[in-house]
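Following: one structure in structure tokens, then a few remarks.
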Amino acid sequence: MARVIAQAFSLKGVSMSDFYDVSYSDTYYSYIDTLAHNDITVGFPDGTFKKNEPLTRAQFSVFLARVMQVGKITEFGNLKGTVTWQYNHYIGTKPDVNAKVFLIPTNFNYTKYFKPDLGVYSSIGVIPEQSNLYFAKVNGYGQYEITNIPVGTYIAVISSKNTTRNPNDELYIKSTLEDLLGTEAYKDFELFNLKLNKYDWKTVEIKSNQTLDFSTDFGYTYY
């Protein structure tokens with residue numbers, strides 16, 4: 001039954017479920033995991049899925065009701081901005097080409113995803129499948145845009161490509177990102193985006209049919 005529900009709604013979750021009685025060797029592992037990944041099932045209080053027990057009408061009704069909510073998000077907004085830095089006193093402002101922009105929901109649950117996938121996202125911005133993470137790079141005009149973002153609250157982080165920071169300055173963003181990405185993925189994020197590079201971040205509210213501007217000028221490089 002789990003297979004039927006997952007296939008019928010074209011769900012493709014890939015994260016590892018935490019059910020004690022479900023393993024990779026099970027025939028329907030990926031389908032059960034898909035249901036868990038999309039919060040269609042949370043299993044039983046003892047941490048099991050009870051895969052060998054018959055599905056009751058009540059359980060099926062709950063599953064179906066939750067499935068009907070998947071994909072129902074119809075309200076989306078956008079995030080865009082201009083990112084620059086100061087080359088020198090003569091040339092002045094230049095686009096911070098290839099600066100990285102990360103957008104992470106404040107309710108993101110890192111435990112639903114493979115740690116290596118989150119590590120790759122945290123380092124170079126490759127987005128894990130079926131995640132609500134976002135990423136963009138600043139173009140040659142110093143601009144970026146992320147579209148079709150479900151409404152909600154996010155942490156937006158811009159990591160400069162062309163300026164460096166004082167490595168002795170405290171990383172005030174650490175506790176926030178570590179809670180969202182997990183300790184291991186945060187270490188990658190810090191190494192590739194925060195440790196040496198200047199960065200800017202803020203909590204943003206994505207609203208329906210609106211485009212929010214998050215721009216920054218990183219000024220002169222530290223060294």
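Numbering starts fresh at 1 for the residues of each chain in the structure tokens, the chains themselves are lettered A, B, ... in the order given, and ligands are numbered from 1 as they appear.
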Sel. of strand (DSSP E or B) residues, segment 98-136 of chain A, as a list in words:
Lys100, Val101, Phe102, Leu103, Ile104, Pro105, Tyr134, Phe135 and Ala136 of chain A
Residues of segment 42-119 of chain A that have any atom at most 9 Å from an atom of segment 126-145 of chain A: could you tabulate them with the shortest-distance atom pair and the distance in Å to one decimal, using only C-alpha atoms, ordered by chain and increasing number, as a tab-separated table?
residue	atom	partner	partner_atom	distance
A:Asn78	CA	A:Glu145	CA	7.3
A:Leu79	CA	A:Glu145	CA	5.7
A:Lys80	CA	A:Glu145	CA	4.1
A:Gly81	CA	A:Tyr144	CA	5.7
A:Thr82	CA	A:Gln143	CA	4.5
A:Val83	CA	A:Gly142	CA	5.1
A:Thr84	CA	A:Gly142	CA	6.1
A:Lys94	CA	A:Gly142	CA	7.6
A:Pro95	CA	A:Gly142	CA	4.0
A:Asp96	CA	A:Gly142	CA	5.5
A:Val97	CA	A:Val138	CA	5.3
A:Asn98	CA	A:Val138	CA	4.8
A:Ala99	CA	A:Val138	CA	5.2
A:Lys100	CA	A:Lys137	CA	4.8
A:Val101	CA	A:Ala136	CA	5.1
A:Phe102	CA	A:Phe135	CA	4.7
A:Leu103	CA	A:Tyr134	CA	4.9
A:Ile104	CA	A:Leu133	CA	5.3
A:Pro105	CA	A:Leu133	CA	7.0
A:Phe108	CA	A:Asn132	CA	7.8
A:Tyr113	CA	A:Pro128	CA	7.8
A:Phe114	CA	A:Pro128	CA	8.6
A:Asp117	CA	A:Pro128	CA	5.8
A:Leu118	CA	A:Pro128	CA	6.9
Restrict the calculation to only C-alpha atoms, then for each residue of segment 64-144 of chain A with any atom at most 10 Å from an atom of segment 37-46 of chain A give the closest atom pair and their distance in Å to one decimal, rows by chain and rising residue number, as a tab-separated table.
residue	atom	partner	partner_atom	distance
A:Leu64	CA	A:Ile40	CA	8.2
A:Ala65	CA	A:Ile40	CA	8.6
A:Arg66	CA	A:Ile40	CA	5.3
A:Val67	CA	A:Ile40	CA	6.2
A:Met68	CA	A:Ile40	CA	9.6
A:Gln69	CA	A:Ile40	CA	9.2
A:Val70	CA	A:Asn38	CA	7.6
A:Thr111	CA	A:His37	CA	9.8
A:Lys112	CA	A:His37	CA	6.3
A:Tyr113	CA	A:His37	CA	8.5
A:Gln130	CA	A:His37	CA	8.6
A:Ser131	CA	A:His37	CA	9.5
What's the 12 Å shell around Ser175 of chain A, counting only C-alpha atoms, without same-chain residues fewer than 5 positions away, as a count of residues only?
8
Find the residues around Ile206 of chain A up to 8 Å (only C-alpha atoms counted), leave out those fewer than 4 positions away in its own chain, and share them as a list in words.
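Close residues of Ile206 of chain A: Phe76, Gly77, Asn78, Leu79, Ile149, Pro150, Val151, Gly152, Thr153, Tyr154, Gln210, Thr211 and Leu212 of chain A.
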Please dump the current selection as a short mmCIF file (atom, residue, chain, number, x, y, z; two decimals), in the first residue's frame; keep N, CA and C atoms.
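See out27.cif below for the written result:
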data_model
loop_
_atom_site.label_atom_id
_atom_site.label_comp_id
_atom_site.auth_asym_id
_atom_site.auth_seq_id
_atom_site.Cartn_x
_atom_site.Cartn_y
_atom_site.Cartn_z
N PHE A 76 3.52 31.49 -3.59
CA PHE A 76 4.96 31.57 -3.74
C PHE A 76 5.40 33.02 -3.83
N GLY A 77 6.65 33.24 -3.47
CA GLY A 77 7.25 34.56 -3.62
C GLY A 77 8.65 34.43 -4.18
N ASN A 78 9.37 35.52 -4.26
CA ASN A 78 10.70 35.52 -4.86
C ASN A 78 11.67 36.31 -3.98
N LEU A 79 12.94 36.01 -4.18
CA LEU A 79 14.00 36.76 -3.50
C LEU A 79 15.02 37.19 -4.55
N ILE A 149 9.45 30.46 -4.50
CA ILE A 149 9.75 30.02 -3.13
C ILE A 149 8.44 29.95 -2.35
N PRO A 150 8.12 28.83 -1.74
CA PRO A 150 6.90 28.75 -0.92
C PRO A 150 6.94 29.81 0.18
N VAL A 151 5.81 30.40 0.45
CA VAL A 151 5.74 31.43 1.47
C VAL A 151 6.21 30.86 2.81
N GLY A 152 6.86 31.70 3.59
CA GLY A 152 7.37 31.25 4.88
C GLY A 152 8.58 32.06 5.31
N THR A 153 9.16 31.64 6.42
CA THR A 153 10.30 32.34 6.98
C THR A 153 11.58 31.55 6.69
N TYR A 154 12.61 32.27 6.24
CA TYR A 154 13.86 31.64 5.83
C TYR A 154 15.06 32.40 6.40
N GLN A 210 5.07 38.30 -4.00
CA GLN A 210 5.93 39.46 -3.76
C GLN A 210 7.39 39.07 -3.96
N THR A 211 8.19 40.04 -4.35
CA THR A 211 9.63 39.83 -4.51
C THR A 211 10.36 40.65 -3.46
N LEU A 212 11.05 39.95 -2.59
CA LEU A 212 11.79 40.60 -1.51
C LEU A 212 13.21 40.90 -1.98
#
Interatomic distance (Å, one decimal) between atom CA of Thr56 of chain A and atom CA of Asp21 of chain A
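A separation of 18.7 Å between them.
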Based on the backbone DSSP call, show me all residues of segment 44-145 of chain A assigned alpha helix (DSSP H), as a ChimeraX atom specification.
/A:57-69,115-124
For a quick check of understanding, using only C-alpha atoms, which of A:Leu191, A:Leu196, A:Ile146, A:Ile32 has the smallest distance to Thr164 of chain A?
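Nearest to Thr164 of chain A: A:Leu196.
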Interatomic distance, atom CA of Tyr223 of chain A to atom CA of Thr203 of chain A (Å, one decimal):
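Spanning atom CA of Tyr223 of chain A to atom CA of Thr203 of chain A is a straight-line distance of 28.6 Å.
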Atom pair atom CA of Thr106 of chain A / atom CA of Lys161 of chain A: separation (Å)
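Result for atom CA of Thr106 of chain A versus atom CA of Lys161 of chain A: 24.9 Å, one decimal.
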From the set A:Val204, A:Ile91, A:Val22, A:Ala185, which residue has the shortest atom-to-atom contact distance to Val120 of chain A, counting only C-alpha atoms?
A:Ala185
Close residues, Trp201 of chain A itself excluded, 12 Å, only C-alpha atoms, min 6 positions apart in chain, as a PDB file with C-alpha atoms, in the first residue's frame:
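So the final result, stored in out_22.pdb, reads:
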ATOM      1  CA  LYS A 100      26.795  32.446  -3.217  1.00  0.00           C
ATOM      2  CA  VAL A 101      23.277  32.898  -1.910  1.00  0.00           C
ATOM      3  CA  PHE A 102      21.732  30.266   0.361  1.00  0.00           C
ATOM      4  CA  LEU A 103      18.108  30.200   1.472  1.00  0.00           C
ATOM      5  CA  ILE A 104      17.187  27.839   4.326  1.00  0.00           C
ATOM      6  CA  TYR A 154      13.859  31.638   5.831  1.00  0.00           C
ATOM      7  CA  ILE A 155      17.461  32.347   6.738  1.00  0.00           C
ATOM      8  CA  ALA A 156      19.166  34.030   3.778  1.00  0.00           C
ATOM      9  CA  VAL A 157      22.970  33.966   3.645  1.00  0.00           C
ATOM     10  CA  ILE A 158      25.174  35.699   1.076  1.00  0.00           C
ATOM     11  CA  SER A 159      28.799  34.571   0.971  1.00  0.00           C
ATOM     12  CA  SER A 160      31.157  36.905  -0.885  1.00  0.00           C
ATOM     13  CA  LEU A 171      30.653  33.951  13.673  1.00  0.00           C
ATOM     14  CA  TYR A 172      27.369  35.031  15.200  1.00  0.00           C
ATOM     15  CA  ILE A 173      25.428  32.969  12.677  1.00  0.00           C
ATOM     16  CA  LYS A 174      26.889  29.673  13.933  1.00  0.00           C
ATOM     17  CA  THR A 176      21.420  29.427  13.939  1.00  0.00           C
ATOM     18  CA  LEU A 177      22.873  27.442  11.041  1.00  0.00           C
ATOM     19  CA  ASN A 193      31.408  30.163   3.040  1.00  0.00           C
ATOM     20  CA  LEU A 194      32.081  31.865   6.363  1.00  0.00           C
ATOM     21  CA  PHE A 214      18.131  41.358  -0.039  1.00  0.00           C
ATOM     22  CA  SER A 215      21.146  43.265  -1.318  1.00  0.00           C
ATOM     23  CA  THR A 216      24.534  43.978   0.217  1.00  0.00           C
ATOM     24  CA  PHE A 218      30.747  43.945   1.131  1.00  0.00           C
TER      25      PHE A 218
END
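Using only C-alpha atoms, the smallest distance between any of A:Asn166, A:Glu184, A:Val62, A:Lys51 and Lys115 of chain A comes from A:Glu184.
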